[in-house]
Amino acid sequence: MTNSDFPRILTLLRKERGFSQKSVASDLGISQALLSHYEKGIRECGLDFLVRAADYYGVSCDYLLGRTPHRNGVAPAEIPANKGTVLNAFDTTSTMEYQRRTLINSLHIVFGLLKKINSEGVTHHVFAYFSDAIYKTFRTLYSAHGKSPQEVFSLDQQLYRSQTDAHMVLEEAKAHYLLEGNSFENISGVKQETLSVLNPEKLLRDFPQYAPSLFELVQKVEKNISGK
């Protein structure tokens, strides 16, 4: 059973729960060496193991194979958008609604973590970073038709993309600089001892409604970037 997503997802599920390879291998009735090979993509598993692993982690076989972003295998058509509304898996509006909620759920965790860190400086720079991304995206959509008036914007139409990209890099760098404990511009750096150790299991515990969306977003971004 050849599938490039399976090893990555199998590993993610184990690490989310904080399980060791040894314990999972024992629970699934295989050797640790064989599980390691499955997680590294060195060996291909059979259908029986796929089904056991799906039951063990409480996900669908399609999710394990990377065929759906929904852990229980439920397609967008079965996920209610609003009361009285059902999403159609083949409707672009449904896909857009799913994507919108994935971003909103992920941002909920980002700002939840910012609240716990409790650094006005870090929050300011992260907010500026996301604001820049939204500004650039909105202006790109707004300006798609060449005749849309540009008076609403003050940045030069030929330069705003590069200016926004550069500002985003700077805002991210400033947030990172503060998180490393450094201070600048009269803003105190974050004390390292106040930061929490994060892992998938803790995120699932602290943000049970939103963590699955964030994990799916992480998988999609890394898959898109790596081209795999």
# chains A, B, ... in the order shown; residues from 1 in each chain; ligands from 1
$ residues_around --residues "Thr102 of chain A" --least-positions-apart "3" --cutoff "8 Å" --atoms "only C-alpha atoms" --output "list in words"
Tyr98, Gln99, Asn105, Ser106, Ser213, Leu214 and Leu217 of chain A
$ residues_around --residues "Leu113 of chain A" --least-positions-apart "2" --cutoff "10 Å" --atoms "only C-alpha atoms" --output "ChimeraX atom specification"
/A:107-111,115-118,123,195-196,198,203,206
$ write_last_selection --atoms "all heavy atoms" --output "compact mmCIF listing (two decimals), in the first residue's frame"
# COMPACT_ATOMS: atom_id res chain seq x y z
N LEU A 107 -6.36 30.56 14.10
CA LEU A 107 -6.05 31.86 14.70
C LEU A 107 -6.52 31.91 16.15
O LEU A 107 -5.90 32.60 16.98
CB LEU A 107 -6.72 32.98 13.89
CG LEU A 107 -6.05 33.34 12.57
CD1 LEU A 107 -6.92 34.32 11.79
CD2 LEU A 107 -4.67 33.96 12.84
N HIS A 108 -7.58 31.20 16.46
CA HIS A 108 -8.05 31.15 17.84
C HIS A 108 -6.96 30.59 18.75
O HIS A 108 -6.74 31.11 19.86
CB HIS A 108 -9.30 30.27 17.95
CG HIS A 108 -9.92 30.24 19.31
ND1 HIS A 108 -10.98 31.04 19.67
CD2 HIS A 108 -9.60 29.52 20.42
CE1 HIS A 108 -11.28 30.82 20.95
NE2 HIS A 108 -10.47 29.89 21.41
N ILE A 109 -6.26 29.57 18.28
CA ILE A 109 -5.17 28.99 19.08
C ILE A 109 -3.99 29.96 19.16
O ILE A 109 -3.40 30.14 20.23
CB ILE A 109 -4.72 27.65 18.48
CG1 ILE A 109 -5.85 26.62 18.61
CG2 ILE A 109 -3.46 27.14 19.19
CD1 ILE A 109 -5.49 25.24 18.09
N VAL A 110 -3.65 30.59 18.03
CA VAL A 110 -2.52 31.54 18.03
C VAL A 110 -2.76 32.64 19.06
O VAL A 110 -1.87 32.94 19.88
CB VAL A 110 -2.34 32.16 16.63
CG1 VAL A 110 -1.36 33.33 16.69
CG2 VAL A 110 -1.83 31.11 15.64
N PHE A 111 -3.95 33.22 19.06
CA PHE A 111 -4.21 34.30 20.00
C PHE A 111 -4.46 33.78 21.41
O PHE A 111 -4.24 34.50 22.38
CB PHE A 111 -5.37 35.16 19.50
CG PHE A 111 -4.95 36.14 18.44
CD1 PHE A 111 -5.01 35.80 17.10
CD2 PHE A 111 -4.44 37.38 18.77
CE1 PHE A 111 -4.59 36.67 16.12
CE2 PHE A 111 -4.01 38.27 17.80
CZ PHE A 111 -4.08 37.92 16.46
N LYS A 115 -2.30 35.15 24.51
CA LYS A 115 -2.90 35.58 25.78
C LYS A 115 -2.16 34.98 26.96
O LYS A 115 -1.93 35.64 27.98
CB LYS A 115 -4.38 35.16 25.81
CG LYS A 115 -5.12 35.63 27.07
CD LYS A 115 -6.59 35.26 27.00
CE LYS A 115 -7.33 35.75 28.24
NZ LYS A 115 -8.78 35.39 28.19
N LYS A 116 -1.76 33.71 26.83
CA LYS A 116 -1.02 33.05 27.91
C LYS A 116 0.38 33.65 28.06
O LYS A 116 0.90 33.77 29.17
CB LYS A 116 -0.93 31.55 27.64
CG LYS A 116 -2.27 30.83 27.75
CD LYS A 116 -2.12 29.34 27.52
CE LYS A 116 -3.47 28.62 27.65
NZ LYS A 116 -3.34 27.16 27.44
N ILE A 117 1.01 34.00 26.94
CA ILE A 117 2.35 34.60 26.99
C ILE A 117 2.28 35.97 27.63
O ILE A 117 3.19 36.40 28.35
CB ILE A 117 2.95 34.68 25.58
CG1 ILE A 117 3.24 33.27 25.06
CG2 ILE A 117 4.23 35.51 25.56
CD1 ILE A 117 3.65 33.22 23.59
N ASN A 118 1.17 36.68 27.35
CA ASN A 118 0.89 37.97 28.00
C ASN A 118 1.99 39.00 27.77
O ASN A 118 2.47 39.65 28.70
CB ASN A 118 0.68 37.77 29.51
CG ASN A 118 0.07 38.99 30.17
OD1 ASN A 118 -0.66 39.75 29.54
ND2 ASN A 118 0.38 39.20 31.44
N THR A 123 2.28 40.41 21.04
CA THR A 123 0.93 40.45 20.46
C THR A 123 0.82 41.54 19.40
O THR A 123 0.23 41.33 18.33
CB THR A 123 -0.11 40.70 21.57
OG1 THR A 123 -0.04 39.65 22.54
CG2 THR A 123 -1.52 40.74 20.98
N LEU A 195 7.39 30.72 29.69
CA LEU A 195 6.84 30.06 28.51
C LEU A 195 6.51 28.60 28.80
O LEU A 195 7.25 27.92 29.51
CB LEU A 195 7.85 30.13 27.35
CG LEU A 195 8.16 31.53 26.82
CD1 LEU A 195 9.27 31.46 25.76
CD2 LEU A 195 6.92 32.18 26.23
N SER A 196 5.42 28.13 28.26
CA SER A 196 5.00 26.75 28.46
C SER A 196 5.59 25.85 27.39
O SER A 196 5.73 26.26 26.23
CB SER A 196 3.47 26.64 28.43
OG SER A 196 2.87 27.44 29.42
N LEU A 198 5.12 23.23 24.75
CA LEU A 198 3.95 22.85 23.97
C LEU A 198 4.18 21.54 23.24
O LEU A 198 5.30 21.24 22.83
CB LEU A 198 3.62 23.94 22.94
CG LEU A 198 3.23 25.30 23.50
CD1 LEU A 198 3.02 26.30 22.37
CD2 LEU A 198 1.98 25.21 24.36
N LEU A 203 -2.00 20.86 23.24
CA LEU A 203 -2.86 21.70 22.42
C LEU A 203 -4.25 21.09 22.29
O LEU A 203 -5.26 21.80 22.32
CB LEU A 203 -2.24 21.90 21.03
CG LEU A 203 -0.97 22.76 20.99
CD1 LEU A 203 -0.37 22.74 19.58
CD2 LEU A 203 -1.26 24.19 21.42
N ASP A 206 -5.95 21.75 25.66
CA ASP A 206 -6.28 23.15 25.93
C ASP A 206 -7.26 23.74 24.91
O ASP A 206 -8.03 24.63 25.23
CB ASP A 206 -5.01 24.01 25.94
CG ASP A 206 -4.10 23.68 27.12
OD1 ASP A 206 -4.55 22.97 28.04
OD2 ASP A 206 -2.94 24.14 27.11
$ residues_around --residues "segment 131-137 of chain A" --least-positions-apart "5" --cutoff "12 Å" --atoms "only C-alpha atoms" --output "ChimeraX atom specification"
/A:123-126,142-144,153,155,157,159-172
$ atom_distance --atom1 "atom CA of Asn224 of chain A" --atom2 "atom CA of Asn199 of chain A"
22.8 Å
$ closest_residue --among "A:Glu216, A:Thr140, A:Ile9, A:Ser119" --to "Lys191 of chain A" --atoms "only C-alpha atoms"
A:Ser119
$ residues_around --residues "Phe19 of chain A" --least-positions-apart "6" --cutoff "12 Å" --atoms "only C-alpha atoms" --output "JSON list (two decimals) with all heavy atoms, in the first residue's frame"
[["chain", "number", "residue", "atom", "x", "y", "z"],
["A", 10, "LEU", "N", 0.78, 8.99, 10.33],
["A", 10, "LEU", "CA", 0.93, 7.96, 11.37],
["A", 10, "LEU", "C", 1.84, 8.47, 12.49],
["A", 10, "LEU", "O", 1.55, 8.28, 13.68],
["A", 10, "LEU", "CB", 1.51, 6.69, 10.75],
["A", 10, "LEU", "CG", 1.60, 5.46, 11.67],
["A", 10, "LEU", "CD1", 0.20, 4.98, 12.04],
["A", 10, "LEU", "CD2", 2.37, 4.35, 10.97],
["A", 11, "THR", "N", 2.92, 9.13, 12.12],
["A", 11, "THR", "CA", 3.85, 9.68, 13.11],
["A", 11, "THR", "C", 3.21, 10.82, 13.89],
["A", 11, "THR", "O", 3.35, 10.91, 15.11],
["A", 11, "THR", "CB", 5.13, 10.18, 12.41],
["A", 11, "THR", "OG1", 5.70, 9.13, 11.65],
["A", 11, "THR", "CG2", 6.13, 10.69, 13.43],
["A", 12, "LEU", "N", 2.49, 11.71, 13.17],
["A", 12, "LEU", "CA", 1.84, 12.85, 13.82],
["A", 12, "LEU", "C", 0.84, 12.39, 14.87],
["A", 12, "LEU", "O", 0.82, 12.92, 15.98],
["A", 12, "LEU", "CB", 1.13, 13.70, 12.76],
["A", 12, "LEU", "CG", 0.26, 14.85, 13.31],
["A", 12, "LEU", "CD1", 1.12, 15.89, 13.99],
["A", 12, "LEU", "CD2", -0.56, 15.48, 12.19],
["A", 13, "LEU", "N", 0.04, 11.41, 14.54],
["A", 13, "LEU", "CA", -0.97, 10.92, 15.49],
["A", 13, "LEU", "C", -0.33, 10.38, 16.76],
["A", 13, "LEU", "O", -0.81, 10.60, 17.87],
["A", 13, "LEU", "CB", -1.84, 9.85, 14.82],
["A", 13, "LEU", "CG", -2.79, 10.35, 13.73],
["A", 13, "LEU", "CD1", -3.40, 9.17, 12.98],
["A", 13, "LEU", "CD2", -3.88, 11.22, 14.33],
["A", 25, "ALA", "N", 3.62, 0.18, 19.23],
["A", 25, "ALA", "CA", 3.90, -1.07, 18.54],
["A", 25, "ALA", "C", 3.34, -2.25, 19.31],
["A", 25, "ALA", "O", 2.74, -3.17, 18.73],
["A", 25, "ALA", "CB", 5.41, -1.23, 18.35],
["A", 26, "SER", "N", 3.49, -2.20, 20.63],
["A", 26, "SER", "CA", 2.97, -3.27, 21.48],
["A", 26, "SER", "C", 1.45, -3.34, 21.39],
["A", 26, "SER", "O", 0.86, -4.42, 21.27],
["A", 26, "SER", "CB", 3.40, -3.06, 22.93],
["A", 26, "SER", "OG", 2.85, -4.03, 23.78],
["A", 27, "ASP", "N", 0.80, -2.16, 21.45],
["A", 27, "ASP", "CA", -0.67, -2.12, 21.39],
["A", 27, "ASP", "C", -1.19, -2.62, 20.05],
["A", 27, "ASP", "O", -2.27, -3.21, 19.98],
["A", 27, "ASP", "CB", -1.16, -0.68, 21.62],
["A", 27, "ASP", "CG", -0.95, -0.21, 23.06],
["A", 27, "ASP", "OD1", -0.74, -1.07, 23.93],
["A", 27, "ASP", "OD2", -0.98, 1.01, 23.28],
["A", 56, "TYR", "N", -7.23, 2.42, 16.42],
["A", 56, "TYR", "CA", -6.40, 2.75, 17.59],
["A", 56, "TYR", "C", -6.38, 4.26, 17.84],
["A", 56, "TYR", "O", -6.50, 4.71, 18.98],
["A", 56, "TYR", "CB", -4.98, 2.24, 17.35],
["A", 56, "TYR", "CG", -4.02, 2.46, 18.48],
["A", 56, "TYR", "CD1", -4.06, 1.66, 19.63],
["A", 56, "TYR", "CD2", -3.04, 3.45, 18.41],
["A", 56, "TYR", "CE1", -3.16, 1.85, 20.67],
["A", 56, "TYR", "CE2", -2.14, 3.64, 19.44],
["A", 56, "TYR", "CZ", -2.20, 2.84, 20.57],
["A", 56, "TYR", "OH", -1.30, 3.04, 21.60],
["A", 57, "TYR", "N", -6.25, 5.04, 16.77],
["A", 57, "TYR", "CA", -6.17, 6.49, 16.92],
["A", 57, "TYR", "C", -7.52, 7.19, 16.78],
["A", 57, "TYR", "O", -7.62, 8.40, 16.93],
["A", 57, "TYR", "CB", -5.20, 7.07, 15.89],
["A", 57, "TYR", "CG", -3.75, 6.76, 16.20],
["A", 57, "TYR", "CD1", -2.97, 6.00, 15.33],
["A", 57, "TYR", "CD2", -3.15, 7.24, 17.36],
["A", 57, "TYR", "CE1", -1.64, 5.72, 15.60],
["A", 57, "TYR", "CE2", -1.82, 6.96, 17.64],
["A", 57, "TYR", "CZ", -1.07, 6.21, 16.77],
["A", 57, "TYR", "OH", 0.26, 5.95, 17.05],
["A", 199, "ASN", "N", 3.13, 20.76, 23.10],
["A", 199, "ASN", "CA", 3.15, 19.55, 22.30],
["A", 199, "ASN", "C", 1.72, 19.31, 21.81],
["A", 199, "ASN", "O", 0.76, 19.93, 22.31],
["A", 199, "ASN", "CB", 3.69, 18.35, 23.10],
["A", 199, "ASN", "CG", 2.92, 18.12, 24.39],
["A", 199, "ASN", "OD1", 1.69, 18.04, 24.38],
["A", 199, "ASN", "ND2", 3.62, 18.05, 25.51],
["A", 200, "PRO", "N", 1.55, 18.47, 20.82],
["A", 200, "PRO", "CA", 0.21, 18.24, 20.28],
["A", 200, "PRO", "C", -0.81, 17.82, 21.32],
["A", 200, "PRO", "O", -1.98, 18.25, 21.28],
["A", 200, "PRO", "CB", 0.44, 17.14, 19.24],
["A", 200, "PRO", "CG", 1.85, 17.36, 18.79],
["A", 200, "PRO", "CD", 2.59, 17.75, 20.05],
["A", 201, "GLU", "N", -0.41, 16.99, 22.26],
["A", 201, "GLU", "CA", -1.34, 16.51, 23.29],
["A", 201, "GLU", "C", -1.86, 17.66, 24.14],
["A", 201, "GLU", "O", -3.04, 17.74, 24.46],
["A", 201, "GLU", "CB", -0.65, 15.46, 24.18],
["A", 201, "GLU", "CG", -1.59, 14.81, 25.18],
["A", 201, "GLU", "CD", -0.88, 13.76, 26.01],
["A", 201, "GLU", "OE1", 0.34, 13.90, 26.21],
["A", 201, "GLU", "OE2", -1.55, 12.81, 26.45]]
$ select_by_dssp --residues "segment 63-205 of chain A" --states "alpha helix (DSSP H)" --output "PyMOL selection string"
chain A and resi 63-64+92-117+120-142+160-179+200-205
$ atom_distance --atom1 "atom CA of Leu204 of chain A" --atom2 "atom CA of Gly29 of chain A"
26.4 Å
$ residues_around --residues "Phe49 of chain A" --least-positions-apart "2" --cutoff "12 Å" --atoms "only C-alpha atoms" --output "MDAnalysis selection string"
chainID A and resid 1 6 10 25 27:30 34:35 38 44:47 51:56 61 64
